[in-house]
Structure formats: C-alpha cells, structure tokens
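J.: Take this structure first; my questions come after.
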Amino acid sequence: MSSVRTIGVLTSGGDAPGMNAAIRSVVRTGLYYGFKVLGIRKGFNGLINGDIEELTARSVGDIIHRGGTILQTARSPQFKTEEGLKKAMSMAKVFGIDALVVIGGDGSYRGARDISKLGLNVIGIPGTIDNDIGCTDYTIGFDTAMNTVQDAIDKIRDTAYSHERCSVLEVMGRHAGYIAVNVSISGGAEAVVLPEKPFDMDTDVIKPIIEGRNRGKKHYLVIVAEGGEGKAIEIAKEITEKTGIEARATILGHIQRGGSPTVYDRVMASQMGAKAVEVLMENKRNRVIVFKDNQIGDMDLEEALQVKKTISEDLIQLSKILAL
Ligand code: ADP
C-alpha cells in the first residue's frame with residue numbers, strides 16, 4: 001500500500017506533443033489504483049499560485065490526440081528562488097499533495113530536484129521534442145517532431161527538384177542535434193550541421209553539394225540545427241555565392257512543437273505515465289522515468305541529472321555515406 005494518497009501533475013518548460021497522453025495516463029492509472037489526482041496549471045507557477053483542480057477520468061477525455069498540453073506550461077523564474085520554492089511547498093501542503101509528477105525537460109527536472117529537497121516526493125517524466133535528456137534514450141514528443149520535419153522535407157523536395165535548388169532547412173535543437181541527424185537520414189540530406197560538432201563550411205557543406213552536382217544530382221538538402229537565429233539564412237547565402245546553385249532557407253520554428261502526436265509518442269507517454277504511478281505504488285521517492293535498452297524503467301532523480309548523452313557517431317557517418 002502506498003503512503004501517497006494525492007498526486008499532483010504538471011507540465012513544465014517547452015511543450016511537446018504527447019504530454020496530454022502522459023497526463024491522461026497519470027490520471028487514469030492513478031484513479032485505477034485509488035489515488036486522488038490534482039492537475040496543476042502553467043507549470044511550477046501553478047503550484048506557487050495554487051492554480052490547481054482535481055482531475056477525473058472525464059477531464060482527461062478527448063485529449064490523447066491533441067498536441068500541446070491541456071494543463072498549459074510555463075517557465076517559472078520565481079521557482080528558481082528560495083522564496084518561490086517555499087511558496088510552492090506550502091501550497092503543496094494546502095492541497096494535500098503527497099507526490100508531484102513533473103512532465104518536462106531537464107530544466108524542469110532541476111526544479112523538481114530543488115523542491116524535493118524541501119521534502120516533496122517528485123517523479124519526472126521526460127517530455128521534450130529535443131530528446132536531449134541524458135538519462136533516457138527517448139523523450140515524449142521527439143517522434144512527432146521528427147515526423148513534422150519529415151513532412152516539410154518531402155514538400156520542399158518537390159519544389160527544390162523542380163527548380164534545381166538547394167534547400168537549407170533549419171530545425172529545432174539549439175543544443176542537441178538529435179532531430180537534425182535523424183531527419184538528415186530520413187530526408188536524404190547532402191549535409192547536416194549539428195551543434196555538437198564543429199563544422200567547416202567548405203568541407204562539410206560546399207564539397208558534398210559540388211560533388212553531388214558532378215554526379216548528376218538535381219537538388220540538394222542541407223539540415224541545420226538552429227544554433228542561433230538565422231543561421232540557415234547565412235548558410236544558404238554562402239552556398240549560392242560559392243556554388244552558383246540557388247539556395248533557399250526555410251526555418252520551421254514552432255510548427256515542430258505542435259500537432260497530433262504519433263502512435264509512438266502516445267504509447268510511450270501512456271506507458272511512462274503509468275510507470276510514474278507504479279513507482280509511487282512501490283513507495284519510491286524522487287525518481288525519473290526512463291526508456292533504456294528498449295524498456296521503461298525508473299532511476300534516482302539526482303543520479304539522472306548527472307547522466308550525459310552523446311549523439312551517435314554512427315548516425316552522423318551513415319548520413320554522410322547515404323548522401324553519395
Ligand atoms: P525544460 O524543462 O523544457 O528543460 P526549462 O529549462 O525552461 O524547460 O525549465 C522549466 C522550468 O524549470 C524553469 O522555468 C524553472 O522554473 C525550472 N528550472 C529550470 N532550470 C532550473 C534550475 N537549474 N534550478 C531550478 N529550477 C530550474
């Protein structure tokens with residue numbers, strides 16, 4: 001029997017498709033096992049302000065297919081202060097919250113860690129389109145975001161072919177190139193620019209384009225992980241100047257965050273949400289839900305924050321080979 005009676009759930013940081021499926025799963029699995037579940041609106045701000053209401057099986061009906069988050073999300077500078085944390089902790093007591101489920105990225109995990117130090121039991125669920133949380137191989141929203149990018153690539157490819165152009169597509173990932181490297185393979189890119197790797201314009205971008213043209217290519221695709229406003233525009237300009245091929249930049253932006261989650265994201269989110277409740281059933285404290293070795297598991301929050309992950313060199317290499 002769990003010592004937890006009431007679970008609070010919130011979404012924090014950047015939104016990601018599939019967060020609703022995770023909320024729904026926490027609520028319904030929680031109710032199934034006899035917990036009371038409270039929804040906290042607008043991330044940690046909602047906990048500070050007491051913007052909280054009880055969720056029923058019906059309040060999470062008709063949301064599994066919707067992108068974004070019904071609980072809304074926020075970045076909360078106040079939560080980074082001692083005063084903010086204390087306010088949040090006292091509000092958790094007012095509402096009788098025994099455990100807090102935080103769906104978000106690693107920033108949100110750090111916030112969760114901070115309030116756990118005041119005595120609140122927290123469980124993290126990885127939700128970010130960037131897939132950049134070290135402790136887990138997968139984060140909710142990643143698959144949907146990649147498929148949104150792929151859809152855009154397929155459309156751009158049609159027009160690029162017709163005009164023999166080079167398309168330079170800027171995708172999300174300021175610090176992590178997981179989306180970029182994967183779509184460079186699925187979209188057949190000539191070159192990919194990643195935040196993790198130093199790149200040389202001439203050898204990494206211009207050379208594969210020129211060589212491709214000499215082998216008879218009719219259009220070209222360069223993927224750029226955002227890494228600074230307008231980087232794709234600069235790269236496109238340089239490609240045109242150096243190769244004579246007309247290059248056009250497209251910045252996908254927030255389109256990548258939205259949309260109906262893929263089956264994969266819905267199933268992952270459902271499993272991770274359920275696992276968060278199971279962890280509480282086992283009376284565990286301060287854990288994060290992870291996907292490792294093709295299995296949903298859990299690990300200590302503090303340890304999880306120390307884990308770093310690196311982008312796969314094999315994927316980068318494969319992307320280069322297949323650009324032949
Ligand atoms: P994400 O969770 O997507 O990485 P953020 O980095 O914006 O998004 O984090 C979301 C919220 O988590 C922040 O607004 C803040 O309230 C809290 N947070 C972020 N970083 C820290 C930190 N280092 N220490 C404490 N709280 C943090």
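Convention: chains lettered A, B, ... in structure tokens order; per-chain residue numbering from 1; ligands numbered from 1 as shown.
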Can you pull out every residue within 9 Å of A:Arg215, counting only C-alpha atoms, but drop anything in the same chain fewer than 4 positions away, and send it as a ChimeraX atom specification?
T.: /A:210-211,324
J.: Considering only C-alpha atoms, return as a ChimeraX atom specification whatever protein or nucleic-acid residues lie within 8 Å of A:Ile133, sequence-local ones (same chain, fewer than 3 positions apart) excluded.
T.: /A:105-106,126,136-137,139,308-309
J.: May I ask which of the residues A:Gly30, A:Gly46, A:Gly111, A:Gly244 is the closest one to ligand 1, counting only C-alpha atoms and all ligand atoms?
T.: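 Looking only at the distances to ligand 1, the closest residue turns out to be A:Gly111.
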J.: Once DSSP has gone over the backbone, tell me which residues of stretch 86-241 of chain A are in strand (DSSP E or B), as a PyMOL selection string.
T.: chain A and resi 99-104+121-127+140+166-171+191-193+220-225
J.: Quick one: write out the picked residues with C-alpha atoms as a compact mmCIF listing (two decimals), in the first residue's frame?
T.:
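After the write, again.txt holds the following:
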# COMPACT_ATOMS: atom_id res chain seq x y z
CA ALA A 99 3.77 13.42 -4.67
CA LEU A 100 4.36 15.64 -7.67
CA VAL A 101 4.64 14.27 -11.21
CA VAL A 102 6.60 16.70 -13.41
CA ILE A 103 6.39 16.22 -17.17
CA GLY A 104 9.14 18.26 -18.84
CA ASN A 121 8.29 13.48 -3.34
CA VAL A 122 8.77 14.11 -7.09
CA ILE A 123 8.62 11.87 -10.14
CA GLY A 124 9.89 13.13 -13.51
CA ILE A 125 8.52 12.09 -16.90
CA PRO A 126 10.71 13.07 -19.89
CA GLY A 127 8.77 15.39 -22.21
CA ILE A 140 7.93 12.25 -25.34
CA CYS A 166 19.32 23.76 -52.67
CA SER A 167 17.03 23.81 -49.64
CA VAL A 168 18.53 24.75 -46.31
CA LEU A 169 16.17 23.69 -43.57
CA GLU A 170 16.59 24.96 -40.03
CA VAL A 171 15.18 22.54 -37.46
CA ALA A 191 24.83 17.78 -45.32
CA VAL A 192 23.83 18.27 -41.70
CA VAL A 193 25.08 20.97 -39.33
CA TYR A 220 20.15 19.42 -52.55
CA LEU A 221 19.11 19.45 -48.93
CA VAL A 222 21.09 20.83 -46.01
CA ILE A 223 19.75 20.39 -42.46
CA VAL A 224 20.80 22.94 -39.85
CA ALA A 225 20.07 22.50 -36.14
J.: Please identify which residues in stretch 71-272 of chain A DSSP calls alpha helix (DSSP H) from the backbone, and express them as number ranges by chain.
T.: A: 82-94, 106-116, 142-163, 178-186, 207-214, 231-243, 263-272
J.: Between atom CA of A:Ile206 and atom CA of A:Gln150, what is the spacing in Å?
T.: 23.0 Å
J.: Between atom CA of A:Ala57 and atom CA of A:Phe291, what is the spacing in Å?
T.: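 Pair atom CA of A:Phe291 / atom CA of A:Ala57 returns 26.1 Å.
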J.: Pick from A:Asp62, A:Asp143, A:Gln256, A:Met91: nearest to A:Met268, with only C-alpha atoms counted?
T.: A:Asp143
J.: Within 7 Å of ligand 1 (counting only C-alpha atoms and all ligand atoms), which residues show up? I'd like them as JSON, numbers by chain.
T.: {"A": [12, 13, 14, 44, 74, 75, 76, 77, 78, 79, 80, 104, 105, 106, 107, 108, 109, 110, 111, 114, 128]}
J.: Suppose we keep N, CA and C atoms; can you now write the selection as an mmCIF file, in the first residue's frame?
T.:
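Full text of selection.cif as output:
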data_model
loop_
_atom_site.group_PDB
_atom_site.id
_atom_site.type_symbol
_atom_site.label_atom_id
_atom_site.label_comp_id
_atom_site.auth_asym_id
_atom_site.auth_seq_id
_atom_site.Cartn_x
_atom_site.Cartn_y
_atom_site.Cartn_z
ATOM 1 N N SER A 12 5.852 21.300 -17.654
ATOM 2 C CA SER A 12 6.739 22.446 -17.421
ATOM 3 C C SER A 12 7.732 22.612 -18.562
ATOM 4 N N GLY A 13 8.197 23.843 -18.758
ATOM 5 C CA GLY A 13 9.195 24.111 -19.805
ATOM 6 C C GLY A 13 8.544 24.111 -21.186
ATOM 7 N N GLY A 14 9.286 23.658 -22.175
ATOM 8 C CA GLY A 14 8.750 23.629 -23.545
ATOM 9 C C GLY A 14 7.682 22.561 -23.688
ATOM 10 N N PHE A 44 5.356 25.151 -12.809
ATOM 11 C CA PHE A 44 5.643 25.425 -11.395
ATOM 12 C C PHE A 44 4.928 26.698 -10.913
ATOM 13 N N ALA A 74 4.751 26.606 -18.503
ATOM 14 C CA ALA A 74 5.374 27.928 -18.317
ATOM 15 C C ALA A 74 6.828 27.746 -17.937
ATOM 16 N N ARG A 75 7.556 28.821 -18.101
ATOM 17 C CA ARG A 75 8.880 28.880 -17.500
ATOM 18 C C ARG A 75 8.684 29.744 -16.255
ATOM 19 N N SER A 76 9.218 29.306 -15.134
ATOM 20 C CA SER A 76 8.937 29.984 -13.880
ATOM 21 C C SER A 76 10.221 30.465 -13.200
ATOM 22 N N PRO A 77 10.628 31.699 -13.467
ATOM 23 C CA PRO A 77 11.838 32.223 -12.808
ATOM 24 C C PRO A 77 11.678 32.226 -11.279
ATOM 25 N N GLN A 78 10.431 32.443 -10.828
ATOM 26 C CA GLN A 78 10.169 32.504 -9.385
ATOM 27 C C GLN A 78 10.512 31.183 -8.688
ATOM 28 N N PHE A 79 10.303 30.097 -9.424
ATOM 29 C CA PHE A 79 10.541 28.778 -8.837
ATOM 30 C C PHE A 79 12.025 28.525 -8.598
ATOM 31 N N LYS A 80 12.861 29.337 -9.235
ATOM 32 C CA LYS A 80 14.313 29.189 -9.048
ATOM 33 C C LYS A 80 14.781 29.917 -7.798
ATOM 34 N N GLY A 104 8.378 17.158 -18.242
ATOM 35 C CA GLY A 104 9.142 18.259 -18.841
ATOM 36 C C GLY A 104 10.552 17.842 -19.191
ATOM 37 N N GLY A 105 11.381 18.829 -19.445
ATOM 38 C CA GLY A 105 12.766 18.580 -19.831
ATOM 39 C C GLY A 105 13.705 18.637 -18.639
ATOM 40 N N ASP A 106 14.999 18.702 -18.919
ATOM 41 C CA ASP A 106 15.947 18.630 -17.801
ATOM 42 C C ASP A 106 15.927 19.870 -16.908
ATOM 43 N N GLY A 107 15.536 21.017 -17.464
ATOM 44 C CA GLY A 107 15.352 22.209 -16.636
ATOM 45 C C GLY A 107 14.282 21.952 -15.588
ATOM 46 N N SER A 108 13.189 21.363 -16.015
ATOM 47 C CA SER A 108 12.090 21.050 -15.097
ATOM 48 C C SER A 108 12.528 20.017 -14.052
ATOM 49 N N TYR A 109 13.396 19.104 -14.474
ATOM 50 C CA TYR A 109 13.923 18.108 -13.526
ATOM 51 C C TYR A 109 14.730 18.796 -12.418
ATOM 52 N N ARG A 110 15.475 19.850 -12.803
ATOM 53 C CA ARG A 110 16.266 20.567 -11.793
ATOM 54 C C ARG A 110 15.350 21.285 -10.805
ATOM 55 N N GLY A 111 14.272 21.838 -11.334
ATOM 56 C CA GLY A 111 13.280 22.459 -10.453
ATOM 57 C C GLY A 111 12.676 21.418 -9.526
ATOM 58 N N ASP A 114 14.991 20.568 -6.771
ATOM 59 C CA ASP A 114 15.048 21.611 -5.737
ATOM 60 C C ASP A 114 13.891 21.495 -4.746
ATOM 61 N N THR A 128 10.042 16.347 -24.017
ATOM 62 C CA THR A 128 10.656 17.421 -24.813
ATOM 63 C C THR A 128 10.892 16.905 -26.222
#
J.: Between A:Thr148, A:Ser116, A:Ser260, A:Asn45, single out the one closest to A:Glu302, counting only C-alpha atoms.
T.: A:Ser116
J.: Pick from A:Ile296, A:Ile52, A:Ser2, A:His254: nearest to A:Ser270, with only C-alpha atoms counted?
T.: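 Of the candidates, the smallest distance to A:Ser270 is held by A:Ile296.
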J.: What gap, in Å, lies between atom CA of A:Tyr161 and atom CA of A:Arg257?
T.: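 That distance, rounded to one decimal, is 27.3 Å.
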J.: Would you mind listing what lies within 10 Å of A:Asp202 as a ChimeraX atom specification, with only C-alpha atoms counted and same-chain residues fewer than 4 positions away left out?
T.: /A:206-209,238-239,242
J.: Which residue is closest to A:Val149? Choose from A:Met201, A:Ile311, A:Ile321, A:Val181 and count only C-alpha atoms.
T.: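 Between A:Met201, A:Ile311, A:Ile321, A:Val181, the residue approaching A:Val149 most closely is A:Val181.
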J.: Given the choices A:Leu71, A:Leu280, A:Ile245, A:Leu31, which gets closest to A:Arg165 if the distance is worked out from only C-alpha atoms?
T.: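 Once distances to A:Arg165 are computed over only C-alpha atoms, the minimum belongs to A:Ile245.
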J.: Could you list, as a PyMOL selection string, every residue within 10 Å of A:His65, counting only C-alpha atoms and ignoring same-chain residues fewer than 6 positions away?
T.: chain A and resi 17-18+20-21+259-263+266
J.: Please produce a file of those selected residues containing N, CA, C and O atoms, as a CSV table (one decimal), in the first residue's frame.
T.:
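File written: out-v3.csv
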chain,number,residue,atom,x,y,z
A,17,PRO,N,4.3,17.4,-28.1
A,17,PRO,CA,3.2,16.5,-28.4
A,17,PRO,C,3.3,15.2,-27.7
A,17,PRO,O,4.4,14.6,-27.7
A,18,GLY,N,2.2,14.8,-27.1
A,18,GLY,CA,2.2,13.5,-26.3
A,18,GLY,C,2.2,13.9,-24.8
A,18,GLY,O,1.9,13.0,-24.0
A,20,ASN,N,-0.2,15.4,-23.4
A,20,ASN,CA,-1.6,15.1,-23.0
A,20,ASN,C,-1.8,13.7,-22.7
A,20,ASN,O,-2.5,13.3,-21.8
A,21,ALA,N,-1.2,12.8,-23.5
A,21,ALA,CA,-1.3,11.4,-23.4
A,21,ALA,C,-0.7,11.0,-22.0
A,21,ALA,O,-1.2,10.1,-21.3
A,259,GLY,N,0.9,19.8,-33.2
A,259,GLY,CA,0.3,18.7,-34.0
A,259,GLY,C,0.0,17.5,-33.2
A,259,GLY,O,0.4,17.4,-32.0
A,260,SER,N,-0.8,16.7,-33.8
A,260,SER,CA,-1.3,15.5,-33.2
A,260,SER,C,-0.2,14.5,-32.9
A,260,SER,O,0.6,14.2,-33.9
A,261,PRO,N,0.0,13.9,-31.7
A,261,PRO,CA,1.1,13.0,-31.5
A,261,PRO,C,1.0,11.7,-32.3
A,261,PRO,O,-0.1,11.2,-32.6
A,262,THR,N,2.2,11.2,-32.7
A,262,THR,CA,2.2,9.9,-33.4
A,262,THR,C,1.8,8.8,-32.5
A,262,THR,O,1.8,9.0,-31.2
A,263,VAL,N,1.6,7.6,-33.1
A,263,VAL,CA,1.2,6.5,-32.3
A,263,VAL,C,2.4,6.2,-31.3
A,263,VAL,O,2.1,5.9,-30.1
A,266,ARG,N,2.2,8.5,-28.3
A,266,ARG,CA,1.0,8.2,-27.5
A,266,ARG,C,1.3,7.0,-26.6
A,266,ARG,O,0.9,7.0,-25.4
J.: Do a neighbour search on A:Ile316 at 12 Å with only C-alpha atoms, toss out local chain neighbours closer than 3 positions, and write the hits as a list in words.
T.: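 In the requested format, the answer is Gly177, Tyr178, Ile179, Ala180, Val181, Asn182, Val183, Ser184, Ile185, Ala189, Glu190, Ala191, Val192, Val193, Leu194, Glu196, Lys197, Asp204, Thr310, Ile311, Ser312, Glu313, Ser319, Lys320, Ile321, Leu322 and Ala323 of chain A.
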J.: Contacts of A:Leu47 at 10 Å or less, counting only C-alpha atoms, minus same-chain residues fewer than 6 places along, as a PyMOL selection string?
T.: chain A and resi 8-10+39-41+79+84-85+87-92+95+100
